[in-house]
>>> print(open('query_25.cif').read())   # mmCIF, C-alpha atoms and all ligand atoms
data_upload
loop_
_atom_site.group_PDB
_atom_site.id
_atom_site.type_symbol
_atom_site.label_atom_id
_atom_site.label_comp_id
_atom_site.auth_asym_id
_atom_site.auth_seq_id
_atom_site.Cartn_x
_atom_site.Cartn_y
_atom_site.Cartn_z
ATOM 1 C CA MET A 1 0.000 0.000 0.000
ATOM 2 C CA ASP A 2 1.293 3.455 -0.901
ATOM 3 C CA ILE A 3 1.270 5.844 2.046
ATOM 4 C CA LEU A 4 2.737 8.796 0.167
ATOM 5 C CA GLU A 5 2.401 9.562 -3.538
ATOM 6 C CA VAL A 6 4.045 12.667 -4.927
ATOM 7 C CA LYS A 7 3.419 13.221 -8.624
ATOM 8 C CA ALA A 8 4.882 15.830 -10.998
ATOM 9 C CA LEU A 9 5.437 18.182 -8.078
ATOM 10 C CA ASN A 10 6.731 21.683 -8.792
ATOM 11 C CA LYS A 11 7.360 24.538 -6.415
ATOM 12 C CA VAL A 12 8.264 28.018 -7.518
ATOM 13 C CA TYR A 13 8.807 30.676 -4.876
ATOM 14 C CA THR A 14 7.679 33.917 -6.404
ATOM 15 C CA GLY A 15 9.228 37.193 -5.390
ATOM 16 C CA LYS A 16 11.548 39.731 -6.953
ATOM 17 C CA VAL A 17 13.405 36.771 -8.409
ATOM 18 C CA ALA A 18 11.446 33.518 -8.857
ATOM 19 C CA THR A 19 13.146 30.405 -7.469
ATOM 20 C CA HIS A 20 12.259 27.063 -8.996
ATOM 21 C CA ALA A 21 12.818 25.050 -5.799
ATOM 22 C CA LEU A 22 11.363 21.706 -6.977
ATOM 23 C CA THR A 23 10.971 20.413 -10.536
ATOM 24 C CA ASP A 24 8.842 17.447 -11.555
ATOM 25 C CA ILE A 25 9.300 15.378 -8.397
ATOM 26 C CA HIS A 26 7.828 11.864 -8.376
ATOM 27 C CA LEU A 27 8.168 9.940 -5.121
ATOM 28 C CA THR A 28 6.247 7.031 -3.656
ATOM 29 C CA ILE A 29 6.667 5.775 -0.105
ATOM 30 C CA ARG A 30 5.084 2.417 0.694
ATOM 31 C CA LYS A 31 3.737 1.329 4.055
ATOM 32 C CA GLY A 32 6.552 0.342 6.413
ATOM 33 C CA GLU A 33 9.322 2.087 4.447
ATOM 34 C CA PHE A 34 11.923 4.308 6.108
ATOM 35 C CA VAL A 35 13.037 6.802 3.463
ATOM 36 C CA GLY A 36 15.769 9.396 3.818
ATOM 37 C CA ILE A 37 15.977 12.582 1.738
ATOM 38 C CA MET A 38 19.481 13.975 1.257
ATOM 39 C CA GLY A 39 21.156 16.587 -0.906
ATOM 40 C CA PRO A 40 23.270 19.724 -0.766
ATOM 41 C CA SER A 41 22.138 22.854 1.021
ATOM 42 C CA GLY A 42 19.478 24.647 -1.010
ATOM 43 C CA SER A 43 18.631 21.551 -3.072
ATOM 44 C CA GLY A 44 14.953 21.557 -2.025
ATOM 45 C CA LYS A 45 14.747 19.033 0.852
ATOM 46 C CA THR A 46 12.858 21.307 3.241
ATOM 47 C CA THR A 47 10.611 22.492 0.432
ATOM 48 C CA LEU A 48 9.678 18.879 -0.342
ATOM 49 C CA LEU A 49 9.074 18.160 3.343
ATOM 50 C CA ASN A 50 6.879 21.268 3.617
ATOM 51 C CA MET A 51 4.773 20.146 0.630
ATOM 52 C CA VAL A 52 4.346 16.651 2.109
ATOM 53 C CA SER A 53 3.633 17.948 5.599
ATOM 54 C CA THR A 54 0.947 20.250 4.127
ATOM 55 C CA ILE A 55 2.693 23.343 5.493
ATOM 56 C CA ASP A 56 3.129 24.918 2.071
ATOM 57 C CA ARG A 57 1.128 24.444 -1.135
ATOM 58 C CA PRO A 58 2.796 23.091 -4.321
ATOM 59 C CA SER A 59 2.779 25.323 -7.411
ATOM 60 C CA SER A 60 1.622 22.302 -9.418
ATOM 61 C CA GLY A 61 1.478 18.536 -9.140
ATOM 62 C CA GLU A 62 -0.072 16.286 -6.574
ATOM 63 C CA VAL A 63 0.538 15.059 -3.038
ATOM 64 C CA ARG A 64 -1.517 12.120 -1.723
ATOM 65 C CA ILE A 65 -1.263 10.759 1.782
ATOM 66 C CA GLY A 66 -3.143 7.532 2.426
ATOM 67 C CA GLY A 67 -4.983 8.188 -0.848
ATOM 68 C CA HIS A 68 -6.154 11.674 0.221
ATOM 69 C CA ASN A 69 -5.127 14.945 -1.343
ATOM 70 C CA PRO A 70 -4.683 17.284 1.637
ATOM 71 C CA TYR A 71 -4.648 20.331 -0.636
ATOM 72 C CA ASN A 72 -8.263 19.701 -1.602
ATOM 73 C CA MET A 73 -9.367 19.893 2.034
ATOM 74 C CA LYS A 74 -10.973 22.820 3.828
ATOM 75 C CA LYS A 75 -8.952 24.493 6.598
ATOM 76 C CA ARG A 76 -10.536 22.625 9.548
ATOM 77 C CA GLU A 77 -10.543 19.297 7.761
ATOM 78 C CA LEU A 78 -6.859 19.791 6.915
ATOM 79 C CA ALA A 79 -5.975 20.654 10.525
ATOM 80 C CA HIS A 80 -7.733 17.490 11.682
ATOM 81 C CA PHE A 81 -6.089 15.374 8.948
ATOM 82 C CA ARG A 82 -2.661 16.720 9.844
ATOM 83 C CA ARG A 83 -3.169 16.006 13.539
ATOM 84 C CA LYS A 84 -4.477 12.474 12.953
ATOM 85 C CA GLN A 85 -2.418 11.235 10.034
ATOM 86 C CA LEU A 86 0.945 12.990 10.274
ATOM 87 C CA GLY A 87 3.565 12.861 13.013
ATOM 88 C CA PHE A 88 6.278 15.522 13.154
ATOM 89 C CA VAL A 89 9.760 15.412 14.638
ATOM 90 C CA PHE A 90 11.905 18.563 14.390
ATOM 91 C CA GLN A 91 15.564 19.376 14.959
ATOM 92 C CA ASP A 92 14.750 21.668 17.894
ATOM 93 C CA PHE A 93 12.169 19.289 19.440
ATOM 94 C CA ASN A 94 9.263 21.814 19.570
ATOM 95 C CA LEU A 95 8.256 20.720 23.074
ATOM 96 C CA LEU A 96 6.544 22.867 25.675
ATOM 97 C CA ASP A 97 9.289 23.507 28.241
ATOM 98 C CA THR A 98 7.138 24.104 31.286
ATOM 99 C CA LEU A 99 5.034 20.970 30.817
ATOM 100 C CA THR A 100 6.122 17.505 31.903
ATOM 101 C CA VAL A 101 7.302 14.793 29.527
ATOM 102 C CA ALA A 102 3.939 12.993 29.960
ATOM 103 C CA GLU A 103 1.921 16.166 29.300
ATOM 104 C CA ASN A 104 3.892 16.838 26.121
ATOM 105 C CA ILE A 105 3.453 13.287 24.829
ATOM 106 C CA VAL A 106 -0.321 13.164 25.318
ATOM 107 C CA LEU A 107 -0.948 16.634 23.893
ATOM 108 C CA PRO A 108 -2.290 15.433 20.501
ATOM 109 C CA LEU A 109 -4.709 13.047 22.254
ATOM 110 C CA THR A 110 -5.827 15.709 24.722
ATOM 111 C CA LEU A 111 -6.602 18.024 21.797
ATOM 112 C CA ASP A 112 -8.761 15.232 20.354
ATOM 113 C CA ARG A 113 -10.526 14.749 23.726
ATOM 114 C CA ARG A 114 -9.702 11.034 23.887
ATOM 115 C CA PRO A 115 -10.851 9.231 27.089
ATOM 116 C CA LEU A 116 -8.373 9.493 29.972
ATOM 117 C CA LYS A 117 -8.026 5.741 30.468
ATOM 118 C CA GLU A 118 -7.167 5.200 26.826
ATOM 119 C CA VAL A 119 -4.707 8.109 26.922
ATOM 120 C CA ASP A 120 -2.995 6.684 29.992
ATOM 121 C CA GLY A 121 -2.604 3.257 28.405
ATOM 122 C CA LEU A 122 -1.178 4.694 25.191
ATOM 123 C CA LEU A 123 1.177 6.955 27.168
ATOM 124 C CA LYS A 124 2.681 4.041 29.125
ATOM 125 C CA GLN A 125 3.009 1.878 26.020
ATOM 126 C CA THR A 126 4.604 4.649 23.907
ATOM 127 C CA ALA A 127 6.959 5.882 26.644
ATOM 128 C CA SER A 128 8.237 2.376 27.285
ATOM 129 C CA LYS A 129 8.899 1.921 23.544
ATOM 130 C CA LEU A 130 11.084 5.035 23.626
ATOM 131 C CA GLY A 131 12.793 4.124 26.924
ATOM 132 C CA ILE A 132 11.505 7.228 28.722
ATOM 133 C CA GLY A 133 8.989 5.585 31.070
ATOM 134 C CA ASP A 134 10.969 6.651 34.139
ATOM 135 C CA ILE A 135 11.118 10.386 33.332
ATOM 136 C CA LEU A 136 7.436 11.018 32.604
ATOM 137 C CA ASN A 137 7.032 13.441 35.511
ATOM 138 C CA LYS A 138 10.103 15.531 34.717
ATOM 139 C CA ARG A 139 9.781 18.878 33.012
ATOM 140 C CA ILE A 140 11.407 19.366 29.623
ATOM 141 C CA TYR A 141 14.064 21.756 30.983
ATOM 142 C CA GLU A 142 15.192 18.973 33.366
ATOM 143 C CA ILE A 143 16.006 16.371 30.705
ATOM 144 C CA SER A 144 18.799 15.868 28.139
ATOM 145 C CA GLY A 145 18.661 16.607 24.398
ATOM 146 C CA GLY A 146 18.385 12.926 23.525
ATOM 147 C CA GLN A 147 15.555 12.457 26.041
ATOM 148 C CA ARG A 148 13.827 15.540 24.589
ATOM 149 C CA GLN A 149 13.981 14.107 21.101
ATOM 150 C CA ARG A 150 12.668 10.734 22.289
ATOM 151 C CA THR A 151 9.825 12.616 24.025
ATOM 152 C CA ALA A 152 9.098 14.413 20.750
ATOM 153 C CA ILE A 153 9.071 11.074 18.898
ATOM 154 C CA ALA A 154 6.680 9.632 21.496
ATOM 155 C CA ARG A 155 4.366 12.626 20.960
ATOM 156 C CA ALA A 156 4.602 12.156 17.198
ATOM 157 C CA ILE A 157 3.679 8.455 17.258
ATOM 158 C CA ILE A 158 1.178 8.242 20.123
ATOM 159 C CA GLY A 159 -1.743 8.761 17.733
ATOM 160 C CA SER A 160 -0.400 6.126 15.263
ATOM 161 C CA PRO A 161 -0.102 8.483 12.279
ATOM 162 C CA LEU A 162 0.055 7.140 8.732
ATOM 163 C CA LEU A 163 3.336 8.934 8.095
ATOM 164 C CA LEU A 164 6.056 10.145 10.433
ATOM 165 C CA LEU A 165 8.040 13.131 9.115
ATOM 166 C CA ALA A 166 11.398 13.972 10.666
ATOM 167 C CA ASP A 167 13.387 17.097 9.816
ATOM 168 C CA GLU A 168 17.045 16.770 10.884
ATOM 169 C CA PRO A 169 16.062 14.965 14.114
ATOM 170 C CA THR A 170 19.722 14.504 15.110
ATOM 171 C CA GLY A 171 20.834 18.020 14.131
ATOM 172 C CA ALA A 172 21.002 19.295 17.717
ATOM 173 C CA LEU A 173 22.379 16.122 19.317
ATOM 174 C CA ASP A 174 25.807 14.667 20.100
ATOM 175 C CA SER A 175 26.768 11.463 18.324
ATOM 176 C CA GLN A 176 25.759 9.123 21.147
ATOM 177 C CA SER A 177 22.291 10.669 21.567
ATOM 178 C CA SER A 178 21.913 10.752 17.777
ATOM 179 C CA ARG A 179 22.447 7.010 17.610
ATOM 180 C CA ALA A 180 19.935 6.379 20.402
ATOM 181 C CA VAL A 181 17.354 8.535 18.590
ATOM 182 C CA MET A 182 17.985 6.805 15.248
ATOM 183 C CA GLU A 183 17.812 3.384 16.915
ATOM 184 C CA SER A 184 14.415 4.376 18.361
ATOM 185 C CA LEU A 185 13.162 5.471 14.934
ATOM 186 C CA ALA A 186 14.470 2.267 13.320
ATOM 187 C CA GLU A 187 12.770 0.180 15.999
ATOM 188 C CA ILE A 188 9.430 1.952 15.508
ATOM 189 C CA ASN A 189 9.812 1.256 11.792
ATOM 190 C CA GLU A 190 10.807 -2.404 12.172
ATOM 191 C CA LYS A 191 8.583 -3.477 15.062
ATOM 192 C CA ASP A 192 5.485 -1.339 14.528
ATOM 193 C CA GLY A 193 5.712 -1.076 10.746
ATOM 194 C CA ALA A 194 5.663 2.735 10.956
ATOM 195 C CA THR A 195 6.302 4.634 7.712
ATOM 196 C CA LEU A 196 8.947 7.342 7.953
ATOM 197 C CA MET A 197 10.354 10.125 5.819
ATOM 198 C CA LEU A 198 13.521 11.716 7.169
ATOM 199 C CA VAL A 199 15.361 14.779 5.901
ATOM 200 C CA THR A 200 18.974 14.802 7.008
ATOM 201 C CA HIS A 201 22.502 15.957 6.236
ATOM 202 C CA ASP A 202 23.910 13.335 8.577
ATOM 203 C CA PRO A 203 25.120 10.167 6.809
ATOM 204 C CA VAL A 204 25.182 8.183 10.058
ATOM 205 C CA ALA A 205 21.511 9.021 10.688
ATOM 206 C CA ALA A 206 20.719 8.277 7.038
ATOM 207 C CA SER A 207 22.303 4.822 7.310
ATOM 208 C CA TYR A 208 19.344 3.730 9.481
ATOM 209 C CA CYS A 209 16.950 4.239 6.526
ATOM 210 C CA ASN A 210 15.932 1.516 4.037
ATOM 211 C CA ARG A 211 16.215 3.843 1.058
ATOM 212 C CA ILE A 212 17.818 7.222 0.390
ATOM 213 C CA VAL A 213 16.618 9.629 -2.252
ATOM 214 C CA PHE A 214 19.085 12.337 -3.301
ATOM 215 C CA ILE A 215 17.901 15.734 -4.505
ATOM 216 C CA LYS A 216 20.047 18.141 -6.467
ATOM 217 C CA ASP A 217 18.922 21.548 -7.744
ATOM 218 C CA GLY A 218 15.293 20.675 -7.011
ATOM 219 C CA LYS A 219 15.327 17.450 -9.009
ATOM 220 C CA LEU A 220 15.526 13.807 -7.967
ATOM 221 C CA ALA A 221 19.099 12.851 -8.714
ATOM 222 C CA ALA A 222 19.574 9.296 -7.457
ATOM 223 C CA GLU A 223 18.269 6.617 -5.149
ATOM 224 C CA ILE A 224 20.053 3.907 -3.152
ATOM 225 C CA HIS A 225 18.750 0.980 -1.113
ATOM 226 C CA ARG A 226 20.154 -0.547 2.029
ATOM 227 C CA GLY A 227 21.046 -4.207 2.048
ATOM 228 C CA GLU A 228 21.824 -6.185 5.184
ATOM 229 C CA ASN A 229 24.955 -4.278 6.123
ATOM 230 C CA ARG A 230 24.598 -0.780 7.580
ATOM 231 C CA GLN A 231 28.354 -0.044 7.411
ATOM 232 C CA ALA A 232 28.329 -0.778 3.652
ATOM 233 C CA PHE A 233 25.210 1.399 3.233
ATOM 234 C CA PHE A 234 26.913 4.210 5.147
ATOM 235 C CA GLN A 235 29.893 3.991 2.787
ATOM 236 C CA LYS A 236 27.520 4.113 -0.206
ATOM 237 C CA ILE A 237 25.876 7.234 1.248
ATOM 238 C CA ILE A 238 29.280 8.896 1.682
ATOM 239 C CA ASP A 239 30.181 8.049 -1.921
ATOM 240 C CA MET A 240 26.856 9.457 -3.158
ATOM 241 C CA LEU A 241 27.288 12.639 -1.148
ATOM 242 C CA SER A 242 30.772 13.233 -2.470
ATOM 243 C CA PHE A 243 29.409 12.770 -5.990
ATOM 244 C CA TRP A 244 26.174 14.770 -5.655
ATOM 245 C CA GLY A 245 27.363 17.213 -3.015
ATOM 246 C CA GLY A 246 26.751 17.275 0.709
ATOM 247 C CA ASN A 247 28.572 17.154 3.985
ATOM 248 C CA THR A 248 31.189 14.396 3.930
ATOM 249 C CA SER A 249 34.088 16.049 5.752
ATOM 250 C CA GLU A 250 36.005 13.746 8.103
ATOM 251 C CA LEU A 251 33.329 11.075 7.818
ATOM 252 C CA SER A 252 34.709 8.280 5.676
ATOM 253 C CA SER A 253 36.615 6.748 8.580
ATOM 254 C CA ILE A 254 33.619 6.536 10.928
ATOM 255 C CA ARG A 255 32.279 3.068 11.742
ATOM 256 C CA VAL A 256 28.524 3.029 12.251
HETATM 257 N N1 LIG B 1 10.220 30.917 1.409
HETATM 258 C C1 LIG B 1 11.085 30.958 0.399
HETATM 259 N N2 LIG B 1 11.070 31.978 -0.474
HETATM 260 C C2 LIG B 1 11.918 32.028 -1.522
HETATM 261 N N3 LIG B 1 12.844 31.072 -1.785
HETATM 262 C C3 LIG B 1 12.917 30.044 -0.947
HETATM 263 C C4 LIG B 1 12.042 29.927 0.198
HETATM 264 N N4 LIG B 1 12.371 28.765 0.853
HETATM 265 C C5 LIG B 1 13.381 28.202 0.158
HETATM 266 N N5 LIG B 1 13.711 28.957 -0.916
HETATM 267 C C6 LIG B 1 14.728 28.620 -1.947
HETATM 268 O O1 LIG B 1 14.374 27.364 -2.510
HETATM 269 C C7 LIG B 1 15.538 26.560 -2.707
HETATM 270 C C8 LIG B 1 15.399 25.260 -1.913
HETATM 271 O O2 LIG B 1 15.440 25.559 -0.516
HETATM 272 P P1 LIG B 1 15.251 24.476 0.630
HETATM 273 O O3 LIG B 1 15.191 25.193 1.924
HETATM 274 O O4 LIG B 1 14.130 23.582 0.279
HETATM 275 O O5 LIG B 1 16.633 23.647 0.518
HETATM 276 P P2 LIG B 1 17.258 22.556 1.517
HETATM 277 O O6 LIG B 1 17.757 21.456 0.644
HETATM 278 O O7 LIG B 1 16.286 22.200 2.572
HETATM 279 O O8 LIG B 1 18.470 23.353 2.145
HETATM 280 P P3 LIG B 1 19.205 23.188 3.569
HETATM 281 O O9 LIG B 1 19.863 21.843 3.530
HETATM 282 O O10 LIG B 1 20.181 24.311 3.584
HETATM 283 O O11 LIG B 1 18.151 23.302 4.627
HETATM 284 C C9 LIG B 1 16.724 27.411 -2.292
HETATM 285 O O12 LIG B 1 17.221 28.030 -3.432
HETATM 286 C C10 LIG B 1 16.114 28.432 -1.345
HETATM 287 O O13 LIG B 1 16.859 29.620 -1.358
#
>>> encode(input="query_25.cif", output="structure tokens")
Amino acid sequence: MDILEVKALNKVYTGKVATHALTDIHLTIRKGEFVGIMGPSGSGKTTLLNMVSTIDRPSSGEVRIGGHNPYNMKKRELAHFRRKQLGFVFQDFNLLDTLTVAENIVLPLTLDRRPLKEVDGLLKQTASKLGIGDILNKRIYEISGGQRQRTAIARAIIGSPLLLLADEPTGALDSQSSRAVMESLAEINEKDGATLMLVTHDPVAASYCNRIVFIKDGKLAAEIHRGENRQAFFQKIIDMLSFWGGNTSELSSIRV
């Protein structure tokens, strides 16, 4: 089953000078896939993510999520669709600092007025998946960056969205926390069959994906698939980045 279908997508930012940010993008993500989007700075990764996450409207072409075209929806319907069907994970966590970990995680369910008992069950189950069951009563300012990102992931998946979208989720983390966060995302993908789309510059983070799509100058440039061996996939990613452009400095010697 296709979770995401992007067809003939174009985005032109109009202004004094028009920027053709995306040109004729076709991308399908099937249920249970973990797809990474990579490419040099300014290549159009964020623009693509914004079109898929329904934040910004394409200039032409089509986006379908679970068979629905979000851009045909009315404002309220779209807000509801976004809350139910999409999960978001950002580089800077986007958590509410003065609330507890538990309060942050259940926020989407509270907004939907789900029964307390159901919310409590889902909270325990989701927190234990992310290994944060013992910090539920702490406030966000009392926990580490890695714990914050795992809290944000818990919030993103508690409503079982069709598609989880992550924008540089390891961008603000040290390498050890980055690995823990990527291992959590990979586990959600493998064990729960969650479908993920990840935008990243980080080849180590990207090596946890099943497939990487490279964008260059707003166009799909190449695609690689992971086999059994993550170290070999990491090396392939490095090779692709040095060919297509991207951040590869000091990375070839890293073991993943
Ligand atoms: N709101 C905007 N208005 C005008 N041009 C924009 C806007 N957002 C992005 N662009 C341009 O569109 C192109 C693609 O930008 P985008 O942010 O999608 O790239 P990116 O691959 O995510 O880059 P980075 O890795 O640096 O975040 C760039 O040329 C950028 O300058």
>>> resolve_selection(input="query_25.cif", expression="the PyMOL selection byres (((chain A and resi 100) around 6) and not hetatm)", output="short mmCIF file (atom, residue, chain, number, x, y, z; two decimals) with C-alpha atoms, in the frame of the given file")
data_model
loop_
_atom_site.label_atom_id
_atom_site.label_comp_id
_atom_site.auth_asym_id
_atom_site.auth_seq_id
_atom_site.Cartn_x
_atom_site.Cartn_y
_atom_site.Cartn_z
CA LEU A 99 5.03 20.97 30.82
CA VAL A 101 7.30 14.79 29.53
CA ALA A 102 3.94 12.99 29.96
CA GLU A 103 1.92 16.17 29.30
CA ASN A 137 7.03 13.44 35.51
CA LYS A 138 10.10 15.53 34.72
CA ARG A 139 9.78 18.88 33.01
#
>>> closest_residue(input="query_25.cif", among="A:Tyr141, A:Arg76, A:Phe81, A:Pro58", to="Val6 of chain A", atoms="all atoms listed in the file")
A:Pro58
>>> residues_near_ligand(input="query_25.cif", ligand="ligand LIG 1 (chain B)", cutoff="9 Å", atoms="all atoms listed in the file", output="NGL selection string")
:A and (11-15 or 17-22 or 38-50 or 199-201 or 215-218 or 246)
>>> atom_distance(input="query_25.cif", atom1="atom CA of Phe34 of chain A", atom2="atom CA of Arg150 of chain A")
17.4 Å
>>> resolve_selection(input="query_25.cif", expression="the PyMOL selection byres (((chain A and resi 65) around 6) and not hetatm)", output="PyMOL selection string")
chain A and resi 3-4+64+66-68
>>> residues_around(input="query_25.cif", residues="segment 224-237 of chain A", least_positions_apart="4", cutoff="6 Å", atoms="all atoms listed in the file", output="list of chain:residue names")
A:Ser207, A:Asn210, A:Arg211, A:Ile212, A:Val256
>>> residues_around(input="query_25.cif", residues="segment 147-149 of chain A", least_positions_apart="3", cutoff="6 Å", atoms="all atoms listed in the file", output="list in words")
Phe93, Ser144 and Ala152 of chain A
>>> build_atoms(input="query_25.cif", residues="segment 93-106 of chain A", atoms="N, CA and C atoms", output="mmCIF file, in the coordinates of the input")
data_model
loop_
_atom_site.group_PDB
_atom_site.id
_atom_site.type_symbol
_atom_site.label_atom_id
_atom_site.label_comp_id
_atom_site.auth_asym_id
_atom_site.auth_seq_id
_atom_site.Cartn_x
_atom_site.Cartn_y
_atom_site.Cartn_z
ATOM 1 N N PHE A 93 13.124 20.011 18.580
ATOM 2 C CA PHE A 93 12.169 19.289 19.440
ATOM 3 C C PHE A 93 10.743 19.853 19.458
ATOM 4 N N ASN A 94 10.592 21.183 19.503
ATOM 5 C CA ASN A 94 9.263 21.814 19.570
ATOM 6 C C ASN A 94 8.400 21.293 20.717
ATOM 7 N N LEU A 95 9.019 21.161 21.900
ATOM 8 C CA LEU A 95 8.256 20.720 23.074
ATOM 9 C C LEU A 95 7.896 21.931 23.916
ATOM 10 N N LEU A 96 6.912 21.767 24.779
ATOM 11 C CA LEU A 96 6.544 22.867 25.675
ATOM 12 C C LEU A 96 7.340 22.701 26.974
ATOM 13 N N ASP A 97 8.290 23.618 27.179
ATOM 14 C CA ASP A 97 9.289 23.507 28.241
ATOM 15 C C ASP A 97 8.736 23.387 29.651
ATOM 16 N N THR A 98 7.621 24.070 29.907
ATOM 17 C CA THR A 98 7.138 24.104 31.286
ATOM 18 C C THR A 98 6.204 22.933 31.601
ATOM 19 N N LEU A 99 5.861 22.152 30.572
ATOM 20 C CA LEU A 99 5.034 20.970 30.817
ATOM 21 C C LEU A 99 5.943 19.766 31.096
ATOM 22 N N THR A 100 5.345 18.724 31.663
ATOM 23 C CA THR A 100 6.122 17.505 31.903
ATOM 24 C C THR A 100 6.258 16.715 30.605
ATOM 25 N N VAL A 101 7.123 15.695 30.670
ATOM 26 C CA VAL A 101 7.302 14.793 29.527
ATOM 27 C C VAL A 101 5.956 14.166 29.173
ATOM 28 N N ALA A 102 5.242 13.651 30.197
ATOM 29 C CA ALA A 102 3.939 12.993 29.960
ATOM 30 C C ALA A 102 2.951 13.962 29.312
ATOM 31 N N GLU A 103 2.881 15.183 29.845
ATOM 32 C CA GLU A 103 1.921 16.166 29.300
ATOM 33 C C GLU A 103 2.227 16.490 27.838
ATOM 34 N N ASN A 104 3.524 16.579 27.513
ATOM 35 C CA ASN A 104 3.892 16.838 26.121
ATOM 36 C C ASN A 104 3.482 15.687 25.213
ATOM 37 N N ILE A 105 3.728 14.456 25.690
ATOM 38 C CA ILE A 105 3.453 13.287 24.829
ATOM 39 C C ILE A 105 1.957 13.160 24.523
ATOM 40 N N VAL A 106 1.122 13.406 25.533
ATOM 41 C CA VAL A 106 -0.321 13.164 25.318
ATOM 42 C C VAL A 106 -1.043 14.343 24.659
#
